[in-house]
Protein chains: 4
Amino acid sequence: MPWDFNSSIPIYLQIESMIKARIFSGEYPPGSHIPSVREIAQELAVNPNTVQKAFKDLEDSKLILTMRTSGRLVTEDIRTITQARQKDADGSVKSFLSEMGKMGFSPEDVLAALKAICEERRESGGVC
Amino acid sequence: MPWDFNSSIPIYLQIESMIKARIFSGEYPPGSHIPSVREIAQELAVNPNTVQKAFKDLEDSKLILTMRTSGRLVTEDIRTITQARQKDADGSVKSFLSEMGKMGFSPEDVLAALKAICEERRESGGVC
Amino acid sequence: MPWDFNSSIPIYLQIESMIKARIFSGEYPPGSHIPSVREIAQELAVNPNTVQKAFKDLEDSKLILTMRTSGRLVTEDIRTITQARQKDADGSVKSFLSEMGKMGFSPEDVLAALKAICEERRESGGVC
Amino acid sequence: MPWDFNSSIPIYLQIESMIKARIFSGEYPPGSHIPSVREIAQELAVNPNTVQKAFKDLEDSKLILTMRTSGRLVTEDIRTITQARQKDADGSVKSFLSEMGKMGFSPEDVLAALKAICEERRESGGVC
DNA sequence: GTGGTCTAGACCACA
DNA sequence: GTGGTCTAGACCACA
């Protein structure tokens with residue numbers, strides 16, 4: 001199971017992130033078929049309604065399309081994908097900086113800390 | 001009002017962050033009295049119970065002490081304060097990097113983006 | 001009603017003890033569902049918030065887990081249960097001995113008194 | 001300071017216990033003078049009203065007498081002292097056994113644990 | 001159905 | 001004045 005039942009983040013949002021990650025990473029390429037609600041629900045041992053809710057959001061953001069006859073497809077519009085990814089990233093960065101700022105960390109602190117962490121992880125052979 | 005009524009983040013957690021920020025910044029120095037539940041409730045136009053809930057969590061983390069009938073004090077143990085701040089910061093960084101990683105951003109991407117944002121903000125005269 | 005309304009011990013702490021006793025005794029076995037906040041509130045004729053408060057503490061001590069929309073479970077980690085019980089017991093014993101010590105009772109006095117009481121209770125058919 | 005400001009036990013009760021302990025132990029012998037409210041308040045760095053409250057309770061239990069002209073005395077009636085001590089002890093034992101019972105410890109468990117603890121303490125040279 | 005949050009407000013013990 | 005407890009009850013997100 002790739003997610004955390006105990007997290008305070010709702011499961012449907014965790015599923016959304018997972019699908020997005022697969023689209024952004026190219027695991028689900030533009031124009032490709034996406035597994036059905038049932039398949040994903042089974043893969044994650046989750047109620048199909050929950051998966052449905054995640055798909056609904058992804059449709060609203062145009063990342064996926066529902067073809068009434070043949071399931072769901074990842075959008076073929078690469079710009080839509082790129083922009084969604086950028087928007088999510090901007091949001092993450094913004095709230096991250098805001099949090100750190102509240103704790104009194106200067107931009108320099110943050111940058112330095114990130115550099116250190118990345119170095120460290122790379123040395124131990126992982127990714128950042 | 002230093003907080004966002006419309007945020008999906010519970011008010012009591014926002015209050016916690018606010019108090020922490022004041023402790024970390026030295027506005028509430030180690031060993032000093034912090035305003036009473038009633039005072040903060042009034043300051044924020046919030047129910048006293050909500051403030052109490054925030055304080056309970058801060059007590060659990062040892063950042064503040066309760067002297068039952070004479071209010072609450074910031075801990076005098078500076079290490080507790082430093083460590084709490086560091087722990088919060090580490091948590092923020094860690095989950096930030098994890099989010100960005102899921103979206104397929106390499107560490108270099110993240111660093112570059114942060115640098116760019118900070119530059120930009122600094123040029124327009126703000127802080128990062 | 002398994003608890004004492006008139007006791008000076010807060011109701012939520014009495015509820016905590018009650019739930020713990022049920023976990024320790026195996027009435028709520030590891031991994032099993034425990035009744036919902038609403039059910040227990042009704043069982044005890046108490047406000048749901050009061051039950052919630054008790055549950056919060058039990059969660060903090062890892063004895064129970066919250067599955068947000070499907071209720072709460074007793075931890076499956078038997079060691080957590082055993083240790084919590086032992087820790088509570090040690091605390092009781094320690095503070096008991098300390099109290100008795102302050103009153104000037106020697107360990108021998110205490111042991112003798114306990115033996116006597118147990119004998120007495122057992123003779124009258126009860127448990128100690 | 002012989003007591004714990006942070007304890008949830010009210011200070012006046014902690015003071016009561018302290019005075020009682022001194023009476024039971026003979027540090028304040030029957031018929032002897034007791035330090036004045038002011039002296040004790042100063043010794044403990046506490047508001048005189050709080051000490052007053054403790055004394056009030058001790059008077060109610062006849063352990064101490066107020067001689068309007070010459071301060072307070074420990075009662076000369078040794079039976080009163082002995083009985084108060086016994087009553088306190090009985091209360092402690094009773095609530096201790098009740099607590100342990102709720103946690104599912106049999107009388108034998110409790111006795112065995114106490115014996116073990118006492119042995120241990122005595123071996124390390126302390127009192128039980 | 002589940003748990004979580006929040007309000008309005010009463011009442012208490014304590015110092 | 002301080003913090004702590006408790007109720008009654010509304011409203012929310014989630015599954």
# chains A, B, ... in the order shown; residues from 1 in each chain; ligands from 1
call {"tool": "residues_around", "arguments": {"residues": "DC6 (chain F)", "least_positions_apart": "3", "cutoff": "12 Å", "atoms": "only C-alpha atoms (C1' of nucleotides)", "output": "PyMOL selection string"}}
result
(chain B and resi 49) or (chain C and resi 10-12+46-51+53) or (chain E and resi 9-12)
call {"tool": "closest_atom_pairs", "arguments": {"of": "chain F", "to": "chain C", "cutoff": "10 Å", "atoms": "only C-alpha atoms (C1' of nucleotides)", "output": "tab-separated table"}}
result
residue	atom	partner	partner_atom	distance
F:DG4	C1'	C:Pro10	CA	9.4
F:DT5	C1'	C:Pro10	CA	7.1
F:DC6	C1'	C:Thr50	CA	7.1
F:DT7	C1'	C:Asn47	CA	6.3
F:DA8	C1'	C:Asn47	CA	8.0
F:DA13	C1'	C:Thr69	CA	9.5
F:DC14	C1'	C:Thr69	CA	6.2
F:DA15	C1'	C:Thr69	CA	6.1
call {"tool": "residues_around", "arguments": {"residues": "Val37 (chain D)", "least_positions_apart": "3", "cutoff": "12 Å", "atoms": "only C-alpha atoms (C1' of nucleotides)", "output": "VMD selection string"}}
result
chain D and resid 15 19 33 to 34 40 to 56 66 71 to 72
call {"tool": "residues_around", "arguments": {"residues": "Ile78 (chain C)", "least_positions_apart": "5", "cutoff": "10 Å", "atoms": "only C-alpha atoms (C1' of nucleotides)", "output": "list in words"}}
result
Pro29, Pro30, Gly31, Leu63, Gln83 and Ala84 of chain C
call {"tool": "interface_residues", "arguments": {"of": "chain A", "to": "chain B", "cutoff": "7 Å", "atoms": "only C-alpha atoms", "output": "compact mmCIF listing (two decimals) with C-alpha atoms, in the first residue's frame"}}
result
# COMPACT_ATOMS: atom_id res chain seq x y z
CA ALA A 21 2.63 11.54 -9.70
CA PHE A 24 3.86 13.66 -14.16
CA SER A 25 6.44 10.91 -14.13
CA ARG A 85 2.61 20.21 -12.33
CA ALA A 89 4.90 22.88 -7.31
CA SER A 92 4.11 23.61 -2.33
CA PHE A 96 6.74 25.78 2.54
CA MET A 100 9.58 28.39 7.45
CA LYS A 102 6.77 31.84 10.50
CA MET A 103 9.40 29.87 12.36
CA GLY A 104 11.88 32.64 11.77
CA PRO A 107 15.75 32.46 3.10
CA CYS A 118 20.43 17.09 -0.71
CA CYS A 128 16.64 14.09 -2.81
call {"tool": "select_by_dssp", "arguments": {"residues": "chain A", "states": "alpha helix (DSSP H)", "output": "JSON, numbers by chain"}}
result
{"A": [11, 12, 13, 14, 15, 16, 17, 18, 19, 20, 21, 22, 23, 24, 37, 38, 39, 40, 41, 42, 43, 44, 48, 49, 50, 51, 52, 53, 54, 55, 56, 57, 58, 59, 60, 78, 79, 80, 81, 82, 83, 84, 85, 86, 87, 88, 89, 90, 91, 92, 93, 94, 95, 96, 97, 98, 99, 100, 101, 102, 107, 108, 109, 110, 111, 112, 113, 114, 115, 116, 117, 118, 119, 120, 121, 122, 123]}
call {"tool": "select_by_dssp", "arguments": {"residues": "chain A", "states": "strand (DSSP E)", "output": "list in words"}}
result
His33, Ile34, Ile64, Leu65, Thr66, Met67, Gly71, Arg72, Leu73 and Val74 of chain A
call {"tool": "write_last_selection", "arguments": {"atoms": "N, CA and C atoms", "output": "PDB file, in the first residue's frame"}}
result
ATOM      1  N   HIS A  33      -4.436   5.105 -21.573  1.00  0.00           N
ATOM      2  CA  HIS A  33      -5.534   4.662 -20.719  1.00  0.00           C
ATOM      3  C   HIS A  33      -5.091   4.616 -19.257  1.00  0.00           C
ATOM      4  N   ILE A  34      -6.054   4.938 -18.397  1.00  0.00           N
ATOM      5  CA  ILE A  34      -5.806   4.849 -16.963  1.00  0.00           C
ATOM      6  C   ILE A  34      -6.568   3.640 -16.439  1.00  0.00           C
ATOM      7  N   ILE A  64      -7.312  14.392 -16.749  1.00  0.00           N
ATOM      8  CA  ILE A  64      -7.814  13.162 -17.355  1.00  0.00           C
ATOM      9  C   ILE A  64      -9.184  13.421 -17.975  1.00  0.00           C
ATOM     10  N   LEU A  65      -9.519  12.600 -18.949  1.00  0.00           N
ATOM     11  CA  LEU A  65     -10.781  12.734 -19.668  1.00  0.00           C
ATOM     12  C   LEU A  65     -11.545  11.436 -19.539  1.00  0.00           C
ATOM     13  N   THR A  66     -12.861  11.565 -19.409  1.00  0.00           N
ATOM     14  CA  THR A  66     -13.679  10.362 -19.386  1.00  0.00           C
ATOM     15  C   THR A  66     -14.278  10.136 -20.771  1.00  0.00           C
ATOM     16  N   MET A  67     -13.943   8.998 -21.389  1.00  0.00           N
ATOM     17  CA  MET A  67     -14.554   8.618 -22.659  1.00  0.00           C
ATOM     18  C   MET A  67     -15.653   7.644 -22.292  1.00  0.00           C
ATOM     19  N   GLY A  71     -13.538   4.079 -20.977  1.00  0.00           N
ATOM     20  CA  GLY A  71     -12.747   4.382 -19.793  1.00  0.00           C
ATOM     21  C   GLY A  71     -12.140   5.771 -19.799  1.00  0.00           C
ATOM     22  N   ARG A  72     -11.074   5.920 -19.045  1.00  0.00           N
ATOM     23  CA  ARG A  72     -10.450   7.231 -18.889  1.00  0.00           C
ATOM     24  C   ARG A  72      -9.081   7.293 -19.542  1.00  0.00           C
ATOM     25  N   LEU A  73      -8.783   8.494 -20.042  1.00  0.00           N
ATOM     26  CA  LEU A  73      -7.498   8.729 -20.695  1.00  0.00           C
ATOM     27  C   LEU A  73      -6.781   9.892 -20.012  1.00  0.00           C
ATOM     28  N   VAL A  74      -5.458   9.825 -20.025  1.00  0.00           N
ATOM     29  CA  VAL A  74      -4.675  10.998 -19.659  1.00  0.00           C
ATOM     30  C   VAL A  74      -4.809  12.004 -20.800  1.00  0.00           C
TER      31      VAL A  74
END
call {"tool": "decode", "arguments": {"residues": "chain A", "atoms": "C-alpha atoms", "output": "PDB file, in the first residue's frame"}}
result
ATOM      1  CA  MET A   1       0.000   0.000   0.000  1.00  0.00           C
ATOM      2  CA  PRO A   2       1.617   3.226  -1.135  1.00  0.00           C
ATOM      3  CA  TRP A   3      -0.162   5.477   1.311  1.00  0.00           C
ATOM      4  CA  ASP A   4      -0.849   6.153   4.905  1.00  0.00           C
ATOM      5  CA  PHE A   5      -4.246   5.356   6.318  1.00  0.00           C
ATOM      6  CA  ASN A   6      -3.427   7.154   9.526  1.00  0.00           C
ATOM      7  CA  SER A   7      -2.408  10.375   7.903  1.00  0.00           C
ATOM      8  CA  SER A   8      -4.729  13.253   8.482  1.00  0.00           C
ATOM      9  CA  ILE A   9      -4.762  13.790   4.734  1.00  0.00           C
ATOM     10  CA  PRO A  10      -7.974  12.337   3.283  1.00  0.00           C
ATOM     11  CA  ILE A  11      -7.485   9.149   1.348  1.00  0.00           C
ATOM     12  CA  TYR A  12      -9.003  10.567  -1.832  1.00  0.00           C
ATOM     13  CA  LEU A  13      -6.398  13.321  -1.831  1.00  0.00           C
ATOM     14  CA  GLN A  14      -3.641  10.794  -1.307  1.00  0.00           C
ATOM     15  CA  ILE A  15      -4.979   8.884  -4.289  1.00  0.00           C
ATOM     16  CA  GLU A  16      -5.098  12.048  -6.335  1.00  0.00           C
ATOM     17  CA  SER A  17      -1.461  12.735  -5.549  1.00  0.00           C
ATOM     18  CA  MET A  18      -0.561   9.228  -6.501  1.00  0.00           C
ATOM     19  CA  ILE A  19      -2.300   9.418  -9.895  1.00  0.00           C
ATOM     20  CA  LYS A  20      -0.827  12.817 -10.554  1.00  0.00           C
ATOM     21  CA  ALA A  21       2.626  11.542  -9.699  1.00  0.00           C
ATOM     22  CA  ARG A  22       2.167   8.742 -12.196  1.00  0.00           C
ATOM     23  CA  ILE A  23       1.079  11.187 -14.879  1.00  0.00           C
ATOM     24  CA  PHE A  24       3.856  13.665 -14.159  1.00  0.00           C
ATOM     25  CA  SER A  25       6.442  10.910 -14.134  1.00  0.00           C
ATOM     26  CA  GLY A  26       5.240   9.519 -17.446  1.00  0.00           C
ATOM     27  CA  GLU A  27       4.168   6.214 -15.967  1.00  0.00           C
ATOM     28  CA  TYR A  28       0.764   7.142 -17.389  1.00  0.00           C
ATOM     29  CA  PRO A  29       1.815   8.932 -20.607  1.00  0.00           C
ATOM     30  CA  PRO A  30      -0.329  11.580 -22.372  1.00  0.00           C
ATOM     31  CA  GLY A  31      -3.223   9.979 -24.190  1.00  0.00           C
ATOM     32  CA  SER A  32      -2.847   6.637 -22.463  1.00  0.00           C
ATOM     33  CA  HIS A  33      -5.534   4.662 -20.719  1.00  0.00           C
ATOM     34  CA  ILE A  34      -5.806   4.849 -16.963  1.00  0.00           C
ATOM     35  CA  PRO A  35      -6.760   1.808 -14.922  1.00  0.00           C
ATOM     36  CA  SER A  36     -10.437   1.672 -14.076  1.00  0.00           C
ATOM     37  CA  VAL A  37     -11.910   2.807 -10.803  1.00  0.00           C
ATOM     38  CA  ARG A  38     -12.409  -0.806  -9.864  1.00  0.00           C
ATOM     39  CA  GLU A  39      -8.853  -1.760 -10.591  1.00  0.00           C
ATOM     40  CA  ILE A  40      -7.432   1.060  -8.569  1.00  0.00           C
ATOM     41  CA  ALA A  41      -9.869   0.493  -5.761  1.00  0.00           C
ATOM     42  CA  GLN A  42      -8.734  -3.092  -5.640  1.00  0.00           C
ATOM     43  CA  GLU A  43      -5.052  -2.225  -5.891  1.00  0.00           C
ATOM     44  CA  LEU A  44      -5.412   0.082  -2.899  1.00  0.00           C
ATOM     45  CA  ALA A  45      -8.003  -1.903  -0.959  1.00  0.00           C
ATOM     46  CA  VAL A  46     -10.276   1.075  -0.871  1.00  0.00           C
ATOM     47  CA  ASN A  47     -13.911   1.860  -1.499  1.00  0.00           C
ATOM     48  CA  PRO A  48     -14.559   2.604  -5.216  1.00  0.00           C
ATOM     49  CA  ASN A  49     -16.421   5.770  -4.242  1.00  0.00           C
ATOM     50  CA  THR A  50     -13.221   7.128  -2.810  1.00  0.00           C
ATOM     51  CA  VAL A  51     -11.353   6.538  -6.040  1.00  0.00           C
ATOM     52  CA  GLN A  52     -14.228   8.055  -7.959  1.00  0.00           C
ATOM     53  CA  LYS A  53     -13.882  11.236  -5.943  1.00  0.00           C
ATOM     54  CA  ALA A  54     -10.208  11.482  -6.765  1.00  0.00           C
ATOM     55  CA  PHE A  55     -10.923  10.989 -10.468  1.00  0.00           C
ATOM     56  CA  LYS A  56     -13.574  13.643 -10.353  1.00  0.00           C
ATOM     57  CA  ASP A  57     -11.036  16.222  -9.185  1.00  0.00           C
ATOM     58  CA  LEU A  58      -8.538  15.158 -11.813  1.00  0.00           C
ATOM     59  CA  GLU A  59     -11.177  15.559 -14.484  1.00  0.00           C
ATOM     60  CA  ASP A  60     -12.023  19.013 -13.208  1.00  0.00           C
ATOM     61  CA  SER A  61      -8.398  19.964 -13.627  1.00  0.00           C
ATOM     62  CA  LYS A  62      -8.498  18.516 -17.178  1.00  0.00           C
ATOM     63  CA  LEU A  63      -5.673  16.134 -16.453  1.00  0.00           C
ATOM     64  CA  ILE A  64      -7.814  13.162 -17.355  1.00  0.00           C
ATOM     65  CA  LEU A  65     -10.781  12.734 -19.668  1.00  0.00           C
ATOM     66  CA  THR A  66     -13.679  10.362 -19.386  1.00  0.00           C
ATOM     67  CA  MET A  67     -14.554   8.618 -22.659  1.00  0.00           C
ATOM     68  CA  ARG A  68     -17.945   7.291 -21.898  1.00  0.00           C
ATOM     69  CA  THR A  69     -17.379   4.146 -23.891  1.00  0.00           C
ATOM     70  CA  SER A  70     -13.759   3.351 -23.272  1.00  0.00           C
ATOM     71  CA  GLY A  71     -12.747   4.382 -19.793  1.00  0.00           C
ATOM     72  CA  ARG A  72     -10.450   7.231 -18.889  1.00  0.00           C
ATOM     73  CA  LEU A  73      -7.498   8.729 -20.695  1.00  0.00           C
ATOM     74  CA  VAL A  74      -4.675  10.998 -19.659  1.00  0.00           C
ATOM     75  CA  THR A  75      -5.024  14.280 -21.530  1.00  0.00           C
ATOM     76  CA  GLU A  76      -2.998  14.534 -24.713  1.00  0.00           C
ATOM     77  CA  ASP A  77      -2.396  18.228 -24.118  1.00  0.00           C
ATOM     78  CA  ILE A  78       1.076  18.279 -22.709  1.00  0.00           C
ATOM     79  CA  ARG A  79       0.771  21.916 -21.701  1.00  0.00           C
ATOM     80  CA  THR A  80      -2.118  21.042 -19.394  1.00  0.00           C
ATOM     81  CA  ILE A  81       0.094  18.492 -17.697  1.00  0.00           C
ATOM     82  CA  THR A  82       3.065  20.806 -17.450  1.00  0.00           C
ATOM     83  CA  GLN A  83       0.983  23.624 -16.069  1.00  0.00           C
ATOM     84  CA  ALA A  84      -0.738  21.470 -13.494  1.00  0.00           C
ATOM     85  CA  ARG A  85       2.609  20.208 -12.327  1.00  0.00           C
ATOM     86  CA  GLN A  86       3.963  23.726 -12.141  1.00  0.00           C
ATOM     87  CA  LYS A  87       0.934  24.974 -10.268  1.00  0.00           C
ATOM     88  CA  ASP A  88       1.211  22.224  -7.678  1.00  0.00           C
ATOM     89  CA  ALA A  89       4.898  22.880  -7.310  1.00  0.00           C
ATOM     90  CA  ASP A  90       4.383  26.600  -6.858  1.00  0.00           C
ATOM     91  CA  GLY A  91       1.785  25.926  -4.217  1.00  0.00           C
ATOM     92  CA  SER A  92       4.113  23.607  -2.327  1.00  0.00           C
ATOM     93  CA  VAL A  93       6.984  26.056  -2.482  1.00  0.00           C
ATOM     94  CA  LYS A  94       4.851  28.944  -1.399  1.00  0.00           C
ATOM     95  CA  SER A  95       3.370  27.242   1.632  1.00  0.00           C
ATOM     96  CA  PHE A  96       6.740  25.782   2.536  1.00  0.00           C
ATOM     97  CA  LEU A  97       8.400  29.171   2.548  1.00  0.00           C
ATOM     98  CA  SER A  98       5.530  30.632   4.498  1.00  0.00           C
ATOM     99  CA  GLU A  99       5.848  27.940   7.164  1.00  0.00           C
ATOM    100  CA  MET A 100       9.580  28.392   7.451  1.00  0.00           C
ATOM    101  CA  GLY A 101       9.191  32.132   7.584  1.00  0.00           C
ATOM    102  CA  LYS A 102       6.770  31.842  10.496  1.00  0.00           C
ATOM    103  CA  MET A 103       9.402  29.870  12.362  1.00  0.00           C
ATOM    104  CA  GLY A 104      11.875  32.641  11.771  1.00  0.00           C
ATOM    105  CA  PHE A 105      14.106  30.956   9.256  1.00  0.00           C
ATOM    106  CA  SER A 106      15.655  33.358   6.795  1.00  0.00           C
ATOM    107  CA  PRO A 107      15.750  32.457   3.098  1.00  0.00           C
ATOM    108  CA  GLU A 108      19.445  31.837   3.462  1.00  0.00           C
ATOM    109  CA  ASP A 109      18.839  29.365   6.267  1.00  0.00           C
ATOM    110  CA  VAL A 110      16.356  27.484   4.154  1.00  0.00           C
ATOM    111  CA  LEU A 111      18.568  27.338   1.121  1.00  0.00           C
ATOM    112  CA  ALA A 112      21.552  26.240   3.153  1.00  0.00           C
ATOM    113  CA  ALA A 113      19.573  23.544   4.921  1.00  0.00           C
ATOM    114  CA  LEU A 114      18.185  22.218   1.650  1.00  0.00           C
ATOM    115  CA  LYS A 115      21.604  22.099   0.089  1.00  0.00           C
ATOM    116  CA  ALA A 116      22.962  20.208   3.048  1.00  0.00           C
ATOM    117  CA  ILE A 117      20.135  17.682   3.002  1.00  0.00           C
ATOM    118  CA  CYS A 118      20.427  17.086  -0.710  1.00  0.00           C
ATOM    119  CA  GLU A 119      24.169  16.595  -0.514  1.00  0.00           C
ATOM    120  CA  GLU A 120      23.715  14.161   2.289  1.00  0.00           C
ATOM    121  CA  ARG A 121      21.075  12.143   0.510  1.00  0.00           C
ATOM    122  CA  ARG A 122      23.023  12.023  -2.686  1.00  0.00           C
ATOM    123  CA  GLU A 123      26.089  10.806  -0.880  1.00  0.00           C
ATOM    124  CA  SER A 124      24.160   7.948   0.602  1.00  0.00           C
ATOM    125  CA  GLY A 125      23.071   7.034  -2.881  1.00  0.00           C
ATOM    126  CA  GLY A 126      19.413   8.085  -2.719  1.00  0.00           C
ATOM    127  CA  VAL A 127      17.526  10.825  -4.422  1.00  0.00           C
ATOM    128  CA  CYS A 128      16.640  14.094  -2.812  1.00  0.00           C
TER     129      CYS A 128
END
